[in-house]
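Shown next: structure01.txt, containing compact mmCIF, C-alpha atoms.
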```txt
# COMPACT_ATOMS: atom_id res chain seq x y z
CA MET V 25 -68.03 40.43 120.17
CA ALA V 26 -71.49 39.04 120.74
CA GLN V 27 -74.24 38.68 118.24
CA GLU V 28 -76.63 41.65 118.22
CA LEU V 29 -80.31 41.85 117.37
CA ARG V 30 -81.98 45.03 116.22
CA THR V 31 -85.08 46.28 114.44
CA PHE V 32 -84.54 48.70 111.55
CA THR V 33 -87.12 51.00 110.02
CA GLN V 34 -87.02 50.96 106.23
CA ARG V 35 -88.57 53.37 103.74
CA VAL V 36 -89.51 52.66 100.16
CA THR V 37 -90.90 55.57 98.19
CA ASP V 38 -93.28 55.58 95.29
CA GLU V 39 -92.75 59.20 94.29
CA LYS V 40 -95.99 61.05 93.73
CA SER V 41 -95.99 62.50 90.26
CA ARG V 42 -98.93 64.49 88.93
CA LEU V 43 -100.26 61.30 87.37
CA ASP V 44 -99.90 59.49 90.69
CA ARG V 45 -101.81 62.25 92.47
CA ILE V 46 -104.59 61.87 89.94
CA LEU V 47 -104.54 58.15 90.60
CA ASN V 48 -104.07 58.61 94.33
CA ARG V 49 -101.13 56.24 94.33
CA GLY V 50 -97.57 56.50 95.52
CA GLY V 51 -96.22 57.75 98.82
CA THR V 52 -93.74 56.31 101.26
CA ARG V 53 -94.06 52.86 102.71
CA VAL V 54 -92.50 52.51 106.15
CA PHE V 55 -91.91 49.08 107.64
CA ASN V 56 -89.77 47.41 110.26
CA VAL V 57 -87.36 44.55 109.71
CA GLN V 58 -85.73 42.43 112.35
CA ALA V 59 -81.99 42.03 111.88
CA LYS V 60 -79.02 40.34 113.49
CA THR V 61 -75.25 40.43 113.20
CA LEU V 62 -73.10 37.33 112.84
CA VAL V 63 -69.84 36.45 114.53
CA ASP V 64 -67.22 34.04 113.23
CA GLN V 65 -65.73 31.10 115.14
CA PHE V 66 -63.25 33.46 116.85
CA GLY V 67 -65.99 35.76 118.03
CA ASN V 68 -65.27 38.50 115.46
CA ASP V 69 -68.16 40.35 113.84
CA ILE V 70 -68.80 39.67 110.16
CA VAL V 71 -68.03 43.08 108.62
CA ASP V 72 -68.05 44.67 105.18
CA ALA V 73 -65.08 46.19 103.30
CA ASN V 74 -65.42 49.37 105.39
CA GLY V 75 -65.32 47.47 108.66
CA ASP V 76 -69.02 48.05 109.38
CA LYS V 77 -71.12 45.22 110.80
CA ILE V 78 -73.29 43.43 108.27
CA TRP V 79 -76.92 43.11 109.33
CA PHE V 80 -78.70 39.91 108.30
CA PRO V 81 -82.37 38.90 108.44
CA VAL V 82 -82.91 37.08 111.76
CA THR V 83 -83.82 33.90 109.89
CA PHE V 84 -80.57 33.85 107.86
CA ASP V 85 -78.57 30.69 108.48
CA PRO V 86 -75.04 30.67 106.99
CA SER V 87 -74.76 26.88 107.20
CA ALA V 88 -77.92 26.57 105.08
CA ALA V 89 -76.35 28.94 102.53
CA ILE V 90 -73.22 26.79 102.38
CA ALA V 91 -75.27 23.60 102.05
CA PHE V 92 -77.25 25.17 99.22
CA GLY V 93 -74.02 26.23 97.49
CA LYS V 94 -72.60 22.72 97.81
CA SER V 95 -75.75 21.26 96.28
CA LEU V 96 -75.27 23.63 93.32
CA GLY V 97 -71.65 22.52 93.03
CA ARG V 98 -72.84 19.09 91.95
CA LEU V 99 -74.68 20.53 88.95
CA PRO V 100 -73.09 20.74 85.48
CA ALA V 101 -71.18 23.99 84.94
CA SER V 102 -73.63 25.10 82.27
CA THR V 103 -76.59 25.10 84.66
CA LYS V 104 -74.78 26.00 87.90
CA SER V 105 -74.71 29.78 87.29
CA ALA V 106 -78.32 29.89 86.11
CA ALA V 107 -79.53 27.84 89.09
CA MET V 108 -77.62 30.07 91.51
CA LEU V 109 -78.84 33.30 89.92
CA LEU V 110 -82.40 32.02 89.91
CA SER V 111 -82.29 31.99 93.70
CA PHE V 112 -80.75 35.47 93.92
CA VAL V 113 -82.84 37.45 91.44
CA ARG V 114 -85.61 39.69 92.73
CA GLY V 115 -87.86 37.69 95.01
CA GLY V 116 -85.69 34.57 94.88
CA PRO V 117 -85.29 32.52 98.09
CA TRP V 118 -81.76 33.88 98.72
CA ASP V 119 -82.58 37.48 97.82
CA LEU V 120 -82.12 38.63 101.43
CA GLN V 121 -83.27 42.16 100.62
CA ARG V 122 -86.74 40.84 99.88
CA SER V 123 -86.84 37.68 102.04
CA TYR V 124 -87.08 38.53 105.74
CA ASN V 125 -89.51 38.52 108.66
CA GLY V 126 -90.71 35.15 107.34
CA GLN V 127 -91.82 36.70 104.04
CA SER V 128 -90.55 36.26 100.52
CA ASN V 129 -90.78 38.86 97.74
CA ALA V 130 -91.39 41.49 100.41
CA PRO V 131 -90.64 45.23 99.90
CA PHE V 132 -86.97 46.00 99.30
CA ALA V 133 -85.12 46.36 102.63
CA GLU V 134 -81.99 48.39 102.02
CA VAL V 135 -80.42 47.39 105.33
CA PHE V 136 -79.85 43.88 103.93
CA THR V 137 -78.01 44.93 100.76
CA ARG V 138 -74.59 43.98 102.12
CA ALA V 139 -76.01 40.78 103.61
CA ALA V 140 -77.32 39.86 100.14
CA SER V 141 -73.85 40.33 98.65
CA TYR V 142 -72.36 38.30 101.51
CA ALA V 143 -74.86 35.48 100.92
CA LEU V 144 -74.02 35.51 97.20
CA GLY V 145 -70.34 35.11 98.07
CA LEU V 146 -71.06 32.34 100.56
CA VAL V 147 -73.28 30.32 98.24
CA GLY V 148 -71.05 30.99 95.22
CA ALA V 149 -67.86 29.94 96.99
CA ALA V 150 -69.54 26.75 98.26
CA ALA V 151 -70.71 26.09 94.69
CA GLY V 152 -67.11 26.29 93.50
CA HIS V 153 -66.98 29.77 91.93
CA SER V 154 -63.72 31.69 92.39
CA GLN V 155 -63.70 34.97 94.31
CA THR V 156 -62.84 36.99 91.19
CA ALA V 157 -65.65 35.33 89.23
CA LEU V 158 -68.12 36.09 92.02
CA MET V 159 -67.06 39.71 92.32
CA ALA V 160 -67.13 40.24 88.57
CA GLY V 161 -70.38 38.36 88.17
CA GLY V 162 -72.04 40.24 91.00
CA ALA V 163 -70.89 43.58 89.61
CA ALA V 164 -72.01 42.65 86.10
CA GLN V 165 -75.47 41.65 87.29
CA SER V 166 -76.02 44.52 89.66
CA GLY V 167 -75.06 47.02 87.00
CA SER V 168 -72.08 48.58 88.71
CA LYS V 169 -71.90 50.75 85.60
CA PRO V 170 -75.55 51.59 85.27
CA LYS V 171 -76.62 53.10 82.02
CA ASP V 172 -79.83 54.80 81.15
CA ARG V 173 -81.98 51.79 80.64
CA GLY V 174 -82.33 48.23 81.66
CA VAL V 175 -81.67 46.82 78.25
CA GLU V 176 -78.12 48.06 78.50
CA PHE V 177 -77.45 45.47 81.14
CA ARG V 178 -77.16 43.18 78.14
CA GLN V 179 -73.72 41.75 77.38
CA MET O 263 -60.23 4.41 28.49
CA ARG O 264 -57.56 6.03 30.69
CA ALA O 265 -57.66 9.16 28.54
CA SER O 266 -61.44 9.44 28.82
CA LEU O 267 -61.25 9.01 32.64
CA SER O 268 -58.70 11.77 33.01
CA THR O 269 -60.81 14.04 30.79
CA GLU O 270 -63.81 13.27 32.98
CA LYS O 271 -61.81 14.06 36.14
CA ALA O 272 -60.59 17.31 34.66
CA SER O 273 -64.08 18.34 33.66
CA MET O 274 -65.42 17.42 37.17
CA SER O 275 -62.79 19.48 38.97
CA ALA O 276 -63.54 22.37 36.66
CA THR O 277 -67.23 22.02 37.51
CA GLU O 278 -66.42 21.87 41.26
CA ALA O 279 -64.27 24.98 40.98
CA ALA O 280 -67.01 26.72 39.09
CA SER O 281 -69.70 25.69 41.57
CA ARG O 282 -67.67 26.65 44.64
CA PRO O 283 -68.18 30.42 44.48
CA GLY O 284 -71.87 29.73 44.07
CA GLU O 285 -71.85 27.64 47.25
CA LEU O 286 -70.02 30.36 49.09
CA ILE O 287 -72.47 32.96 47.86
CA ASN O 288 -75.31 30.75 49.11
CA SER O 289 -73.53 30.44 52.43
CA ASP O 290 -73.31 34.27 52.51
CA ARG O 291 -77.10 34.41 52.38
CA MET O 292 -77.29 31.72 55.04
CA LEU O 293 -74.91 33.73 57.21
CA LEU O 294 -77.13 36.79 56.87
CA ALA O 295 -80.16 34.75 57.88
CA VAL O 296 -78.35 33.17 60.84
CA LEU O 297 -77.03 36.53 62.01
CA SER O 298 -80.49 38.12 61.78
CA VAL O 299 -82.02 35.30 63.83
CA LEU O 300 -79.17 35.45 66.34
CA LEU O 301 -79.50 39.19 66.93
CA LEU O 302 -83.28 38.97 67.09
CA SER O 303 -83.04 36.10 69.60
CA HIS O 304 -80.49 37.99 71.68
CA ALA O 305 -82.71 41.07 71.84
CA GLY O 306 -85.78 38.92 72.51
CA LEU O 307 -84.08 36.96 75.28
CA TYR O 308 -83.04 40.14 77.08
CA TYR O 309 -86.49 41.63 76.62
CA VAL O 310 -88.19 38.65 78.23
CA CYS O 311 -85.59 38.10 80.96
CA LEU O 312 -85.55 41.72 82.12
CA ARG O 313 -89.32 42.07 82.18
CA PHE O 314 -90.21 38.70 83.65
CA ASN O 315 -87.36 38.41 86.14
CA LEU O 316 -85.73 35.37 84.51
CA PRO O 317 -82.07 34.68 85.23
CA PHE O 318 -80.89 33.38 81.85
CA ALA O 319 -79.57 36.69 80.56
CA PHE O 320 -77.93 37.26 83.93
CA ALA O 321 -76.38 33.79 83.76
CA PHE O 322 -74.97 34.57 80.34
CA ALA O 323 -73.53 37.87 81.58
CA TRP O 324 -72.11 36.08 84.62
CA SER O 325 -70.42 33.39 82.51
CA ALA O 326 -69.00 36.01 80.15
CA ALA O 327 -67.56 38.01 83.06
CA SER O 328 -66.03 34.87 84.62
CA PHE O 329 -64.51 33.80 81.30
CA VAL O 330 -62.94 37.20 80.61
CA LEU O 331 -61.54 37.53 84.13
CA ASP O 332 -59.82 34.16 83.83
CA LEU O 333 -57.76 35.69 81.00
CA HIS O 334 -56.09 38.03 83.57
CA LEU O 335 -56.25 41.09 81.32
CA PRO O 336 -55.79 44.66 82.63
CA GLU O 337 -58.95 45.83 84.39
CA SER O 338 -59.92 48.50 81.85
CA ILE O 339 -59.60 46.06 78.92
CA ALA O 340 -61.43 43.28 80.77
CA SER O 341 -64.23 45.68 81.66
CA ALA O 342 -64.61 46.83 78.06
CA ILE O 343 -64.66 43.22 76.82
CA ILE O 344 -67.24 42.18 79.43
CA GLU O 345 -69.53 45.08 78.50
CA ASN O 346 -69.43 44.19 74.80
CA PHE O 347 -68.88 40.45 75.04
CA PHE O 348 -71.73 39.33 72.79
CA MET O 349 -70.92 41.79 70.01
CA LEU O 350 -67.22 40.92 70.18
CA VAL O 351 -67.88 37.18 69.84
CA VAL O 352 -70.33 37.67 66.96
CA GLY O 353 -68.10 40.27 65.27
CA GLU O 354 -64.99 38.09 65.53
CA SER O 355 -66.84 35.06 64.13
CA TYR O 356 -68.01 37.23 61.27
CA ALA O 357 -64.46 38.52 60.61
CA PHE O 358 -63.17 34.92 60.64
CA ILE O 359 -65.75 33.80 58.09
CA LEU O 360 -65.01 36.84 55.96
CA THR O 361 -61.29 36.00 55.97
CA ILE O 362 -61.91 32.38 54.94
CA ARG O 363 -64.17 33.62 52.18
CA PHE O 364 -61.53 36.08 50.95
CA ILE O 365 -58.89 33.32 50.83
CA GLU O 366 -61.25 31.16 48.77
CA LEU O 367 -62.67 33.80 46.40
CA GLN O 368 -60.09 36.60 46.52
CA THR O 369 -62.85 39.19 46.75
CA TRP O 370 -64.62 41.09 49.52
CA LYS O 371 -67.63 41.82 47.33
CA SER O 372 -70.88 40.35 48.64
CA PRO O 373 -74.18 42.16 49.20
CA SER O 374 -75.17 39.60 51.87
CA LEU O 375 -71.98 40.07 53.85
CA LEU O 376 -72.23 43.83 53.56
CA SER O 377 -75.75 43.54 54.97
CA CYS O 378 -74.32 41.44 57.83
CA ALA O 379 -71.82 44.20 58.62
CA VAL O 380 -74.58 46.82 58.56
CA LEU O 381 -76.70 44.63 60.84
CA LEU O 382 -73.87 44.15 63.34
CA VAL O 383 -72.96 47.82 63.50
CA GLY O 384 -76.62 48.85 63.55
CA TYR O 385 -77.45 46.43 66.36
CA ASN O 386 -74.64 47.79 68.51
CA PHE O 387 -75.50 51.44 67.85
CA GLY O 388 -79.19 51.73 68.56
CA GLY O 389 -80.50 48.62 66.83
CA ALA O 390 -80.96 46.73 70.10
CA ASP O 391 -82.97 49.63 71.52
CA ALA O 392 -85.01 49.82 68.32
CA LEU O 393 -85.82 46.10 68.61
CA ASP O 394 -86.76 46.64 72.23
CA TYR O 395 -89.20 49.33 71.13
CA CYS O 396 -90.59 46.98 68.45
CA PHE O 397 -91.18 44.28 71.07
CA ASP O 398 -92.95 46.85 73.26
CA GLN O 399 -95.13 47.86 70.32
CA ILE O 400 -95.99 44.25 69.42
CA ARG O 401 -96.83 43.46 73.04
CA PHE O 402 -98.90 46.61 73.37
CA GLN O 403 -100.79 46.25 70.08
CA PHE O 404 -101.59 42.56 70.67
CA ASN O 405 -102.97 43.24 74.16
CA ARG O 406 -104.38 46.70 73.58
CA PRO O 407 -108.01 45.82 74.43
CA ALA O 408 -106.89 44.23 77.70
CA TYR O 409 -104.78 47.26 78.64
CA LEU O 410 -107.66 49.59 77.83
CA ALA O 411 -109.93 47.48 80.03
CA MET O 412 -107.38 47.71 82.85
CA ALA O 413 -107.15 51.47 82.39
CA LYS O 414 -110.94 51.76 82.44
CA SER O 415 -111.16 49.86 85.70
CA GLY O 416 -108.52 52.10 87.32
CA GLU O 417 -109.11 55.22 89.40
CA GLY O 418 -107.50 57.54 86.89
CA TRP O 419 -109.84 56.81 83.98
CA PRO O 420 -110.39 58.60 81.60
CA ASP O 421 -107.22 60.69 82.12
CA SER O 422 -104.55 58.29 83.18
CA ALA O 423 -103.51 54.79 84.17
CA VAL O 424 -100.29 53.18 85.32
CA ILE O 425 -99.92 49.48 84.57
CA ARG O 426 -97.00 47.41 85.84
CA TRP O 427 -95.30 45.99 82.78
CA GLY O 428 -92.51 43.95 84.33
CA GLU O 429 -89.66 44.10 86.81
CA SER O 430 -86.38 42.38 87.47
CA GLY O 431 -83.49 42.95 89.79
CA PHE O 432 -80.35 41.56 91.29
CA LEU O 433 -78.72 42.56 94.59
CA ASP O 434 -79.28 46.32 94.89
CA THR O 435 -80.34 46.85 91.27
CA SER O 436 -83.91 47.16 90.10
CA ILE O 437 -85.31 47.58 86.61
CA GLN O 438 -89.01 48.47 86.50
CA TYR O 439 -91.26 48.73 83.48
CA TYR O 440 -94.60 50.53 83.29
CA LEU O 441 -97.22 51.02 80.64
CA VAL O 442 -98.67 54.46 81.24
CA MET O 443 -101.76 55.98 79.73
CA ASP O 444 -101.60 59.76 79.92
CA ARG O 445 -104.29 61.91 78.36
CA THR O 446 -103.30 64.93 80.45
CA GLY O 447 -100.24 65.50 78.24
CA ALA O 448 -97.98 65.80 81.29
CA LEU O 449 -95.54 63.15 80.02
CA ALA O 450 -95.43 64.57 76.51
CA ARG O 451 -94.70 68.06 77.87
CA GLY O 452 -92.01 66.70 80.19
CA GLU O 453 -93.82 67.83 83.33
CA ILE O 454 -93.51 64.28 84.64
CA LYS O 455 -90.13 62.60 84.31
CA PRO O 456 -90.07 58.84 83.68
CA GLU O 457 -87.78 58.23 86.68
CA GLN O 458 -90.60 59.53 88.89
CA PHE O 459 -92.46 56.27 88.32
CA GLY O 460 -91.86 53.20 90.38
CA TRP O 461 -90.52 52.51 93.82
CA LYS O 462 -87.12 53.41 95.16
CA ALA O 463 -85.31 52.83 98.43
CA GLU O 464 -83.63 55.67 100.34
CA HIS O 465 -80.17 55.26 98.83
CA MET O 466 -81.04 54.42 95.25
CA LYS O 467 -80.22 56.43 92.16
CA CYS O 468 -82.68 56.04 89.31
CA ASN O 469 -82.71 56.84 85.62
CA GLY O 470 -85.81 56.76 83.46
CA LEU O 471 -86.73 56.52 79.82
CA GLN O 472 -90.06 56.94 78.05
CA SER O 473 -91.14 55.84 74.59
CA ARG O 474 -94.45 56.74 73.02
CA LEU O 475 -96.44 53.70 71.87
CA SER O 476 -99.59 55.45 70.71
CA ASN O 477 -101.35 58.79 71.21
CA ASP O 478 -102.05 58.07 74.87
CA PHE O 479 -99.80 55.20 75.87
CA TYR O 480 -96.14 55.28 76.87
CA SER O 481 -93.62 52.62 77.77
CA ILE O 482 -91.63 53.71 80.84
CA THR O 483 -88.36 52.12 81.98
CA VAL O 484 -86.88 52.96 85.38
CA SER O 485 -83.43 51.59 86.26
CA CYS O 486 -82.32 52.01 89.88
CA VAL O 487 -79.06 51.08 91.55
CA GLY O 488 -77.92 51.42 95.17
CA THR O 489 -75.44 54.20 95.92
```
How does this structure look as structure tokens?
Amino acid sequence: MAQELRTFTQRVTDEKSRLDRILNRGGTRVFNVQAKTLVDQFGNDIVDANGDKIWFPVTFDPSAAIAFGKSLGRLPASTKSAAMLLSFVRGGPWDLQRSYNGQSNAPFAEVFTRAASYALGLVGAAAGHSQTALMAGGAAQSGSKPKDRGVEFRQ
Amino acid sequence: MRASLSTEKASMSATEAASRPGELINSDRMLLAVLSVLLLSHAGLYYVCLRFNLPFAFAFAWSAASFVLDLHLPESIASAIIENFFMLVVGESYAFILTIRFIELQTWKSPSLLSCAVLLVGYNFGGADALDYCFDQIRFQFNRPAYLAMAKSGEGWPDSAVIRWGESGFLDTSIQYYLVMDRTGALARGEIKPEQFGWKAEHMKCNGLQSRLSNDFYSITVSCVGT
């Protein structure tokens, strides 16, 4: 398999409620993102659990993610998780869904959702977190059991 | 001399024994104060972290999930513990203190400790949301002139205004907060649903919640997660 490059069109909607119409706000934002696939050392595509190719921002560099994870691994355990999460929260430097096309804190690009999870695993593993901890942590943060309001993300 | 010393010792130990329940009762009050501050801090920390995109609450949740998973419990039990980790830790500490107290005093009676139990149960069943609403109110009332000025400078004045009130997110989750001024009555009548506010990507499912802060102003929370 060879690495592929592609441009995806993304849509983010600000639904127009009656209030929004009064305010003349809302609507759908359409934008393009440049994406690439990755191949491993044996030439196999990096795929998700369903076997589908994962699309990454063209600027994503896995070796930089590993180096960042290793630098976190040197931190005390108490600060390691916080430091890692700080870079993955909305608009953080490793939030791949909002860091692409040379921008940071850009509109949410859904095509990079799986890439963001992959990057979390890569950085987390390099930082010394176990796979189970990363999967549980990721699920806990991303609200795999979403409730009605944000405050219920509390533990 | 020896006789007077032993009498003194006996009277001191009697005094100690007599003063001990008093100390414990004081510690009951202290426990109530500590618990109140702890719950208030917990609610406050989550309020700030979720609105200002800070990772500390997430880091706490992450550490709790990692800790519970290392215990290798069945998935359903682990999941339940992770979801209620904070309350379980606080509740168990409280039960431990209560047991020690019972061994020392042989009684469960204590207004302070009863208040602690009420606080704990209340916090878990709606108290956290009530505190969240209080924080919203405090924030709104303290900055009311500024919000009114923002509404006046908006296009919707004098009928409506939508002010971003915070946002956080992680991976494909987004939590958005809005302060909405609505003099059209559309929100109050339910013509506009709170989940209609905010942005969403194509494959996101969103839930919304609205709380009235004053006659015209509402706090809107929109939680979205990828599907």
### Query
Excluding same-chain residues fewer than 4 positions from Glu28 (chain V), what lies within 12 Å of it counting only C-alpha atoms, as JSON, numbers by chain?
{"V": [58, 59, 60, 61, 62, 63, 69, 70, 77, 78, 79, 80, 81, 82]}
### Query
Near Trp427 (chain O), counting only C-alpha atoms, which residues have an atom at most 9 Å away, once you skip same-chain residues fewer than 5 positions from it, shown as a PyMOL selection string?
chain O and resi 313-314+438-441+481-482
### Task
For Gly115 (chain V), please output as a count of residues only all residues within 7 Å (counting all atoms listed in the file; exclusion window: fewer than 4 positions along the same chain).
4
### Message
Using all atoms listed in the file, can you tell me which of O:Phe459, O:Tyr356, O:Tyr409, O:Phe387 comes closest to chain V?
### Response
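Closest to chain V of all the choices is O:Phe459.
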Cut-off 8 Å: closest chain O/chain V atom pairs per residue, using only C-alpha atoms, as a tab-separated table:
```
residue	atom	partner	partner_atom	distance
O:Tyr308	CA	V:Arg178	CA	6.7
O:Tyr309	CA	V:Val175	CA	7.3
O:Leu312	CA	V:Gly174	CA	7.3
O:Asn315	CA	V:Arg114	CA	6.9
O:Leu316	CA	V:Leu110	CA	7.2
O:Pro317	CA	V:Leu110	CA	5.4
O:Phe318	CA	V:Ala106	CA	6.1
O:Ala319	CA	V:Arg178	CA	7.3
O:Phe320	CA	V:Gln165	CA	6.1
O:Ala321	CA	V:Ala106	CA	4.9
O:Phe322	CA	V:Gln179	CA	7.9
O:Ala323	CA	V:Gln179	CA	5.7
O:Trp324	CA	V:Gly161	CA	4.6
O:Ser325	CA	V:Ser105	CA	7.4
O:Ala326	CA	V:Gln179	CA	7.9
O:Ala327	CA	V:Gly161	CA	5.8
O:Ser328	CA	V:Ala157	CA	4.6
O:Leu331	CA	V:Ala157	CA	6.9
O:Ile344	CA	V:Gln179	CA	6.8
O:Glu345	CA	V:Gln179	CA	5.5
O:Asn346	CA	V:Gln179	CA	5.6
O:Phe347	CA	V:Gln179	CA	5.5
O:Phe348	CA	V:Gln179	CA	5.6
O:Met349	CA	V:Gln179	CA	7.9
O:Asp391	CA	V:Val175	CA	7.4
O:Asp394	CA	V:Val175	CA	7.9
O:Gly416	CA	V:Leu47	CA	7.9
O:Glu417	CA	V:Leu47	CA	5.6
O:Gly418	CA	V:Leu47	CA	4.8
O:Ser422	CA	V:Leu43	CA	6.7
O:Ala423	CA	V:Leu47	CA	7.3
O:Ser430	CA	V:Arg114	CA	6.0
O:Gly431	CA	V:Arg114	CA	4.9
O:Phe432	CA	V:Val113	CA	4.8
O:Leu433	CA	V:Ser166	CA	6.0
O:Asp434	CA	V:Thr137	CA	6.2
O:Thr435	CA	V:Ser166	CA	5.2
O:Ile437	CA	V:Gly174	CA	5.8
O:Asp444	CA	V:Leu43	CA	7.7
O:Ala448	CA	V:Arg42	CA	7.8
O:Ile454	CA	V:Ser41	CA	6.4
O:Gln458	CA	V:Glu39	CA	5.8
O:Phe459	CA	V:Glu39	CA	6.7
O:Gly460	CA	V:Asp38	CA	5.6
O:Trp461	CA	V:Asp38	CA	4.4
O:Lys462	CA	V:Thr37	CA	5.3
O:Ala463	CA	V:Val36	CA	4.5
O:Glu464	CA	V:Arg35	CA	6.4
O:His465	CA	V:Glu134	CA	7.8
O:Asn469	CA	V:Asp172	CA	5.7
O:Gly470	CA	V:Asp172	CA	6.7
O:Leu471	CA	V:Arg173	CA	6.8
O:Thr483	CA	V:Arg173	CA	6.5
O:Val484	CA	V:Arg173	CA	6.9
O:Ser485	CA	V:Gly174	CA	5.8
O:Val487	CA	V:Pro170	CA	7.2
```
Output file for the residues above (C-alpha atoms, as a tab-separated table (two decimals), keeping the file's coordinate frame):
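Done, and the output landed in again25.tsv:
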```tsv
chain	number	residue	atom	x	y	z
O	308	TYR	CA	-83.04	40.14	77.08
O	309	TYR	CA	-86.49	41.63	76.62
O	312	LEU	CA	-85.55	41.72	82.12
O	315	ASN	CA	-87.36	38.41	86.14
O	316	LEU	CA	-85.73	35.37	84.51
O	317	PRO	CA	-82.07	34.68	85.23
O	318	PHE	CA	-80.89	33.38	81.85
O	319	ALA	CA	-79.57	36.69	80.56
O	320	PHE	CA	-77.93	37.26	83.93
O	321	ALA	CA	-76.38	33.79	83.76
O	322	PHE	CA	-74.97	34.57	80.34
O	323	ALA	CA	-73.53	37.87	81.58
O	324	TRP	CA	-72.11	36.08	84.62
O	325	SER	CA	-70.42	33.39	82.51
O	326	ALA	CA	-69.00	36.01	80.15
O	327	ALA	CA	-67.56	38.01	83.06
O	328	SER	CA	-66.03	34.87	84.62
O	331	LEU	CA	-61.54	37.53	84.13
O	344	ILE	CA	-67.24	42.18	79.43
O	345	GLU	CA	-69.53	45.08	78.50
O	346	ASN	CA	-69.43	44.19	74.80
O	347	PHE	CA	-68.88	40.45	75.04
O	348	PHE	CA	-71.73	39.33	72.79
O	349	MET	CA	-70.92	41.79	70.01
O	391	ASP	CA	-82.97	49.63	71.52
O	394	ASP	CA	-86.76	46.64	72.23
O	416	GLY	CA	-108.52	52.10	87.32
O	417	GLU	CA	-109.11	55.22	89.40
O	418	GLY	CA	-107.50	57.54	86.89
O	422	SER	CA	-104.55	58.29	83.18
O	423	ALA	CA	-103.51	54.79	84.17
O	430	SER	CA	-86.38	42.38	87.47
O	431	GLY	CA	-83.49	42.95	89.79
O	432	PHE	CA	-80.35	41.56	91.29
O	433	LEU	CA	-78.72	42.56	94.59
O	434	ASP	CA	-79.28	46.32	94.89
O	435	THR	CA	-80.34	46.85	91.27
O	437	ILE	CA	-85.31	47.58	86.61
O	444	ASP	CA	-101.60	59.76	79.92
O	448	ALA	CA	-97.98	65.80	81.29
O	454	ILE	CA	-93.51	64.28	84.64
O	458	GLN	CA	-90.60	59.53	88.89
O	459	PHE	CA	-92.46	56.27	88.32
O	460	GLY	CA	-91.86	53.20	90.38
O	461	TRP	CA	-90.52	52.51	93.82
O	462	LYS	CA	-87.12	53.41	95.16
O	463	ALA	CA	-85.31	52.83	98.43
O	464	GLU	CA	-83.63	55.67	100.34
O	465	HIS	CA	-80.17	55.26	98.83
O	469	ASN	CA	-82.71	56.84	85.62
O	470	GLY	CA	-85.81	56.76	83.46
O	471	LEU	CA	-86.73	56.52	79.82
O	483	THR	CA	-88.36	52.12	81.98
O	484	VAL	CA	-86.88	52.96	85.38
O	485	SER	CA	-83.43	51.59	86.26
O	487	VAL	CA	-79.06	51.08	91.55
```
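When CA of Asp398 (chain O) is paired with CA of Gly306 (chain O), their separation reads 10.7 Å.
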#### Entry: Selection: 9 Å around Leu382 (chain O), only C-alpha atoms, excl. self and same-chain fewer than 5 positions, as number ranges by chain
O: 297, 301, 349, 352-353, 377, 387, 389
Emit the selected residues as a CSV table (one decimal), keeping the file's coordinate frame, including C-alpha atoms.
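Resulting contents of out.csv:
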```
chain,number,residue,atom,x,y,z
O,297,LEU,CA,-77.0,36.5,62.0
O,301,LEU,CA,-79.5,39.2,66.9
O,349,MET,CA,-70.9,41.8,70.0
O,352,VAL,CA,-70.3,37.7,67.0
O,353,GLY,CA,-68.1,40.3,65.3
O,377,SER,CA,-75.8,43.5,55.0
O,387,PHE,CA,-75.5,51.4,67.8
O,389,GLY,CA,-80.5,48.6,66.8
```
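Each of O:Thr446, O:Ser476, O:Gln403, O:Ser289 was compared to Asp421 (chain O) using all atoms listed in the file, and O:Thr446 turns out to be the nearest.
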### Task
Find the residues near Asp290 (chain O): any atom within 10 Å, counting only C-alpha atoms, skip ones fewer than 4 places away on the same chain, and give them as a PyMOL selection string.
chain O and resi 284-286+294-296+359-360+363+372-378
Please complete region 136-143 of chain V with N, CA and C atoms and give it back as a PDB file, in the frame of the given file.
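New file rebuild25.pdb:
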```pdb
ATOM      1  N   PHE V 136     -80.393  45.217 104.219  1.00  0.00           N
ATOM      2  CA  PHE V 136     -79.850  43.880 103.930  1.00  0.00           C
ATOM      3  C   PHE V 136     -79.062  43.795 102.620  1.00  0.00           C
ATOM      4  N   THR V 137     -78.744  44.950 102.038  1.00  0.00           N
ATOM      5  CA  THR V 137     -78.010  44.930 100.760  1.00  0.00           C
ATOM      6  C   THR V 137     -76.667  44.237 100.905  1.00  0.00           C
ATOM      7  N   ARG V 138     -75.924  44.590 101.949  1.00  0.00           N
ATOM      8  CA  ARG V 138     -74.590  43.980 102.120  1.00  0.00           C
ATOM      9  C   ARG V 138     -74.721  42.507 102.502  1.00  0.00           C
ATOM     10  N   ALA V 139     -75.775  42.189 103.247  1.00  0.00           N
ATOM     11  CA  ALA V 139     -76.010  40.780 103.610  1.00  0.00           C
ATOM     12  C   ALA V 139     -76.289  39.961 102.346  1.00  0.00           C
ATOM     13  N   ALA V 140     -77.003  40.570 101.386  1.00  0.00           N
ATOM     14  CA  ALA V 140     -77.320  39.860 100.140  1.00  0.00           C
ATOM     15  C   ALA V 140     -76.039  39.566  99.362  1.00  0.00           C
ATOM     16  N   SER V 141     -75.127  40.546  99.330  1.00  0.00           N
ATOM     17  CA  SER V 141     -73.850  40.330  98.650  1.00  0.00           C
ATOM     18  C   SER V 141     -73.039  39.251  99.365  1.00  0.00           C
ATOM     19  N   TYR V 142     -73.086  39.296 100.717  1.00  0.00           N
ATOM     20  CA  TYR V 142     -72.360  38.300 101.510  1.00  0.00           C
ATOM     21  C   TYR V 142     -72.906  36.903 101.227  1.00  0.00           C
ATOM     22  N   ALA V 143     -74.227  36.785 101.178  1.00  0.00           N
ATOM     23  CA  ALA V 143     -74.860  35.480 100.920  1.00  0.00           C
ATOM     24  C   ALA V 143     -74.486  34.969  99.529  1.00  0.00           C
TER      25      ALA V 143
END
```
